[in-house]
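The data block below is data_23.txt; it holds compact mmCIF, C-alpha atoms.
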```txt
# COMPACT_ATOMS: atom_id res chain seq x y z
CA MET H 1 103.00 77.92 135.10
CA ILE H 2 103.30 75.06 137.59
CA SER H 3 100.85 73.65 140.10
CA ASP H 4 101.51 72.89 143.79
CA THR H 5 99.73 70.28 145.92
CA SER H 6 97.08 72.75 147.05
CA GLY H 7 95.90 73.30 143.53
CA GLN H 8 97.23 76.88 143.43
CA TYR H 9 99.40 78.09 140.59
CA LYS H 10 102.79 79.72 140.81
CA THR H 11 104.57 81.68 138.13
CA ILE H 12 107.98 80.36 137.15
CA LYS H 13 110.43 83.13 137.98
CA GLY H 14 111.62 85.04 134.91
CA TRP H 15 109.23 83.32 132.50
CA ARG H 16 106.77 85.56 130.73
CA PRO H 17 105.05 83.55 127.97
CA TRP H 18 102.86 86.48 126.84
CA LYS H 19 105.99 88.48 126.06
CA PHE H 20 107.27 85.69 123.84
CA VAL H 21 103.96 85.35 122.05
CA SER H 22 103.42 89.07 121.52
CA PHE H 23 106.90 89.89 120.28
CA GLN H 24 108.30 86.69 118.81
CA VAL H 25 105.21 85.42 117.05
CA PHE H 26 102.59 88.12 116.63
CA ILE H 27 104.76 91.07 115.60
CA PRO H 28 106.77 89.38 112.77
CA GLY H 29 103.63 87.83 111.34
CA LEU H 30 101.74 91.11 111.57
CA ILE H 31 104.51 93.05 109.81
CA SER H 32 105.03 90.44 107.08
CA PHE H 33 101.43 89.77 106.20
CA GLY H 34 100.38 93.35 106.78
CA LEU H 35 103.00 94.40 104.25
CA GLY H 36 102.01 91.62 101.88
CA VAL H 37 98.31 92.52 101.88
CA TYR H 38 99.02 96.25 101.65
CA LEU H 39 101.43 95.88 98.73
CA LEU H 40 98.96 93.56 96.98
CA LEU H 41 96.13 96.06 97.39
CA LEU H 42 98.33 98.81 95.96
CA TYR H 43 99.09 96.57 92.98
CA ILE H 44 95.43 95.79 92.36
CA GLY H 45 94.27 99.37 92.71
CA ASP H 46 90.83 99.78 91.12
CA ASN H 47 91.12 96.56 89.10
CA ASP H 48 89.38 94.32 91.64
CA SER H 49 86.63 93.54 89.14
CA GLU H 50 89.11 91.70 86.90
CA PHE H 51 89.49 88.58 89.06
CA ASP H 52 87.54 86.09 91.13
CA HIS H 53 87.96 86.96 94.81
CA ASN H 54 87.60 83.36 95.96
CA LYS H 55 90.34 82.24 93.58
CA MET H 56 92.47 85.12 94.84
CA LEU H 57 92.26 83.70 98.37
CA ILE H 58 93.22 80.26 97.05
CA PHE H 59 96.33 81.68 95.38
CA MET H 60 97.24 83.52 98.57
CA ALA H 61 97.00 80.25 100.48
CA MET H 62 99.12 78.52 97.83
CA GLY H 63 101.74 81.23 98.30
CA ILE H 64 101.93 80.49 102.03
CA VAL H 65 102.45 76.77 101.44
CA ILE H 66 104.99 77.23 98.63
CA GLY H 67 106.87 79.92 100.56
CA SER H 68 107.18 77.67 103.62
CA ILE H 69 108.71 74.93 101.47
CA PHE H 70 111.17 77.22 99.73
CA LEU H 71 112.28 78.80 103.02
CA VAL H 72 113.81 75.45 103.97
CA VAL H 73 115.59 75.30 100.61
CA GLU H 74 116.87 78.87 100.92
CA MET H 75 118.23 78.20 104.41
CA ALA H 76 119.99 75.06 103.19
CA PHE H 77 121.63 76.81 100.22
CA SER H 78 122.24 80.25 101.76
CA TYR H 79 126.02 79.73 101.89
CA SER H 80 126.41 80.02 98.09
CA TRP H 81 125.18 82.72 95.72
CA VAL H 82 125.30 80.20 92.87
CA LEU H 83 122.96 77.81 94.66
CA LEU H 84 120.67 80.67 95.65
CA GLY H 85 120.53 81.57 91.96
CA LEU H 86 119.16 78.09 91.33
CA VAL H 87 116.67 78.56 94.15
CA ALA H 88 115.49 81.79 92.50
CA LEU H 89 115.01 79.88 89.25
CA PHE H 90 113.01 77.12 90.91
CA GLU H 91 110.84 79.57 92.84
CA GLU H 92 109.94 81.47 89.71
CA LEU H 93 109.56 78.23 87.76
CA THR H 94 107.02 77.06 90.34
CA LYS H 95 105.01 80.24 89.80
CA PHE H 96 105.39 79.76 86.05
CA ILE H 97 104.05 76.19 86.11
CA ILE H 98 101.03 77.17 88.21
CA LEU H 99 100.15 80.36 86.32
CA ASN H 100 100.73 79.01 82.82
CA ARG H 101 98.19 76.25 83.01
CA LYS H 102 95.89 76.36 80.02
CA LYS H 103 92.87 77.73 81.90
CA TYR H 104 94.87 80.77 83.04
CA GLN H 105 96.54 81.62 79.74
CA GLY H 106 95.18 84.73 78.09
CA GLU H 107 93.26 85.74 81.23
CA ARG H 108 93.96 89.15 82.75
CA ALA H 109 93.04 87.79 86.17
CA THR H 110 96.25 85.72 86.03
CA ILE H 111 98.27 88.88 86.63
CA TRP H 112 96.55 89.43 89.96
CA TYR H 113 96.62 85.74 90.91
CA GLY H 114 100.37 85.75 90.34
CA ALA H 115 100.75 88.86 92.47
CA ALA H 116 98.64 87.35 95.28
CA MET H 117 100.68 84.15 95.32
CA GLY H 118 103.96 86.04 95.22
CA PHE H 119 103.18 88.53 97.98
CA THR H 120 102.13 85.81 100.43
CA MET H 121 105.20 83.76 99.46
CA GLY H 122 107.43 86.68 100.37
CA ALA H 123 105.50 87.34 103.57
CA ILE H 124 105.77 83.78 104.91
CA ILE H 125 109.43 83.42 103.90
CA SER H 126 110.47 86.61 105.69
CA ALA H 127 108.32 85.91 108.77
CA GLU H 128 109.62 82.37 109.26
CA MET H 129 113.16 83.54 108.52
CA MET H 130 112.98 85.95 111.45
CA TYR H 131 111.58 83.27 113.75
CA LEU H 132 114.88 81.45 113.22
CA SER H 133 116.85 84.53 114.31
CA PRO H 134 115.23 85.93 117.47
CA PRO H 135 116.36 89.26 118.97
CA GLY H 136 118.38 89.69 122.13
CA SER H 137 116.91 90.86 125.40
CA ASP H 138 118.36 94.38 125.24
CA ILE H 139 115.96 97.10 124.07
CA HIS H 140 118.48 98.39 121.52
CA GLU H 141 118.97 94.91 120.10
CA LYS H 142 115.20 94.52 119.77
CA ALA H 143 114.90 97.89 118.03
CA TYR H 144 117.67 96.97 115.59
CA TRP H 145 116.05 93.58 115.02
CA MET H 146 112.71 95.22 114.20
CA ILE H 147 114.28 97.64 111.73
CA SER H 148 116.27 94.84 110.06
CA PHE H 149 113.23 92.58 109.93
CA THR H 150 111.05 95.28 108.37
CA ALA H 151 113.66 95.88 105.66
CA ILE H 152 113.95 92.15 104.93
CA ALA H 153 110.17 91.64 104.99
CA PHE H 154 109.63 94.50 102.55
CA SER H 155 112.44 93.29 100.26
CA TYR H 156 111.26 89.69 100.03
CA THR H 157 107.57 90.52 99.84
CA ALA H 158 107.91 93.25 97.21
CA ILE H 159 110.18 91.15 94.98
CA GLN H 160 108.18 87.93 95.23
CA GLY H 161 104.90 89.72 94.59
CA SER H 162 106.24 91.76 91.68
CA THR H 163 107.80 88.77 89.95
CA GLY H 164 104.59 86.80 90.52
CA ALA H 165 102.64 89.53 88.74
CA LEU H 166 105.27 89.59 85.99
CA ILE H 167 104.94 85.86 85.37
CA GLY H 168 101.17 86.17 85.51
CA TYR H 169 101.41 88.84 82.85
CA GLY H 170 103.54 86.50 80.72
CA SER H 171 100.77 83.91 80.87
CA TYR H 172 98.18 86.54 79.96
CA ALA H 173 100.23 87.94 77.06
CA GLY H 174 101.35 84.56 75.69
CA ALA H 175 105.03 85.20 76.41
CA GLY H 176 105.58 83.01 79.45
CA MET H 177 109.24 82.04 79.00
CA ARG H 178 110.34 85.61 78.32
CA TYR H 179 108.91 86.83 81.61
CA LEU H 180 110.08 83.76 83.51
CA TRP H 181 113.70 84.72 82.79
CA LYS H 182 113.05 88.36 83.65
CA ALA H 183 111.53 87.38 87.00
CA THR H 184 114.37 84.96 87.77
CA PHE H 185 117.08 87.55 87.20
CA ILE H 186 115.22 90.16 89.25
CA GLN H 187 115.03 87.83 92.23
CA PHE H 188 118.57 86.52 91.74
CA PHE H 189 120.05 90.02 92.09
CA LEU H 190 118.21 90.45 95.40
CA PHE H 191 119.83 87.23 96.64
CA LEU H 192 123.21 88.47 95.41
CA ILE H 193 123.27 91.69 97.45
CA PRO H 194 124.15 90.08 100.85
CA PHE H 195 127.21 88.43 99.25
CA VAL H 196 128.70 91.78 98.20
CA PRO H 197 131.26 92.97 100.81
CA MET H 198 129.58 95.89 102.60
CA PRO H 199 128.24 96.78 106.05
CA LYS H 200 125.09 94.89 106.98
CA GLU H 201 123.10 98.10 107.42
CA PHE H 202 123.97 99.26 103.92
CA ALA H 203 123.09 95.84 102.47
CA LEU H 204 119.64 95.99 104.10
CA LEU H 205 119.09 99.50 102.77
CA LEU H 206 120.21 98.46 99.28
CA MET H 207 117.91 95.42 99.31
CA ALA H 208 114.91 97.53 100.31
CA ALA H 209 115.72 100.17 97.68
CA TYR H 210 116.21 97.53 94.98
CA ALA H 211 112.93 95.81 95.89
CA GLY H 212 111.05 99.10 95.98
CA PHE H 213 112.44 100.13 92.60
CA ASN H 214 111.37 96.86 90.97
CA TYR H 215 107.98 96.96 92.70
CA ILE H 216 107.21 100.36 91.16
CA ARG H 217 108.88 99.65 87.81
CA ILE H 218 107.08 96.35 87.22
CA HIS H 219 103.73 97.78 88.27
CA ASP H 220 104.11 100.70 85.85
CA THR H 221 105.39 98.43 83.07
CA LEU H 222 102.47 96.03 83.43
CA GLY H 223 100.03 98.93 83.31
CA ARG H 224 101.51 100.20 80.05
CA GLU H 225 101.71 96.73 78.49
CA ARG H 226 98.10 95.93 79.40
CA PHE H 227 96.99 99.20 77.84
CA LYS H 228 98.84 98.31 74.61
CA ILE H 229 97.22 94.89 74.46
CA GLU H 230 93.77 96.39 75.00
CA ARG H 231 94.32 98.80 72.14
CA ILE H 232 95.53 96.05 69.81
CA SER H 233 92.75 93.62 70.71
CA GLY H 234 90.13 96.36 70.50
```
Spell out the structure here as structure tokens.
Amino acid sequence: MISDTSGQYKTIKGWRPWKFVSFQVFIPGLISFGLGVYLLLLYIGDNDSEFDHNKMLIFMAMGIVIGSIFLVVEMAFSYSWVLLGLVALFEELTKFIILNRKKYQGERATIWYGAAMGFTMGAIISAEMMYLSPPGSDIHEKAYWMISFTAIAFSYTAIQGSTGALIGYGSYAGAGMRYLWKATFIQFFLFLIPFVPMPKEFALLLMAAYAGFNYIRIHDTLGRERFKIERISG
């Protein structure tokens, strides 16, 4: 908007700020964080009595901050699958350091704190990643952009949240290093998919399928492992 000498306002021709805000800012954030919260709630299920809800919010906030930092690193090293492998290690190592502090070791709540931190990490990384690659003006380009973004958001969010829960389980079970390496390799293979020669559409589909498979597999595995520990400790 601009102002003339009479104090009236004129609209700059062709400029529609509400369209930019609604599509470029609101929609990616809504999809990313909506997915993150929904996937987290599915992970928690009926176990919400096992953790402190205020601490859960703190870990979610930590995930946003950590994810924003690592997005910059991922963008800087995205030209090499070897360097992205190191990024995967450092991301999971950051979760490991936070979740394996003495006060969280042996606590079942650590599983859910790790999941909360991971899901918001994935949400902020995918959302900010799409801000750096806006869609074209054509309706078909926007539709393709939305489909691609949803696949990327699901892939990053599901993997980061699942590996966060996995590392949290390692802290709970007293096997932190074992699950750190598992989480690192799971994320590394997600990073590796775009470097395999294949059509972009197939790569997006493969990433989403891989993330969904690990999301379900890790959730089921953690449920069985927790049941075993309860039987042994009981």
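Near Gly36 in chain H, within 7 Å and counting all atoms listed in the file, sit H:Phe119, H:Thr120, H:Ala123, H:Thr157, not including residues fewer than 6 positions from it in the same chain.
Reported to one decimal place, the separation of CA of Arg101 in chain H from CA of Leu83 in chain H is 27.4 Å.
Counting all atoms listed in the file, the residue from H:Thr94, H:Thr150, H:Asn214, H:Asn47 that sits nearest to Phe70 in chain H is H:Thr94.
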Radius query 10 Å about (97.0, 81.9, 97.1), atoms used: only C-alpha atoms, as a ChimeraX atom specification: /H:54-66,113-121
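Note that the spacing between CA of Ala208 in chain H and CA of Met130 in chain H amounts to 16.2 Å.
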At what distance in Å, to one decimal, does CA of Phe202 in chain H lie from CA of Phe185 in chain H? 21.5 Å
Which residue is closest to Ile159 in chain H? Choose from H:Tyr144, H:Tyr172, H:Tyr215, H:Trp112 and count only C-alpha atoms. H:Tyr215
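Closest to Tyr38 in chain H among H:Phe90, H:Gly161, H:Phe51, H:Gly223 is H:Gly161, based on all atoms listed in the file.
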Which polymer residues, protein or nucleic acid, are no farther than 12 Å from (111.4, 94.0, 103.5), counting all atoms listed in the file, as a PyMOL selection string? chain H and resi 28+31-36+39+119+122-127+129-130+146-161+190+203-212+215
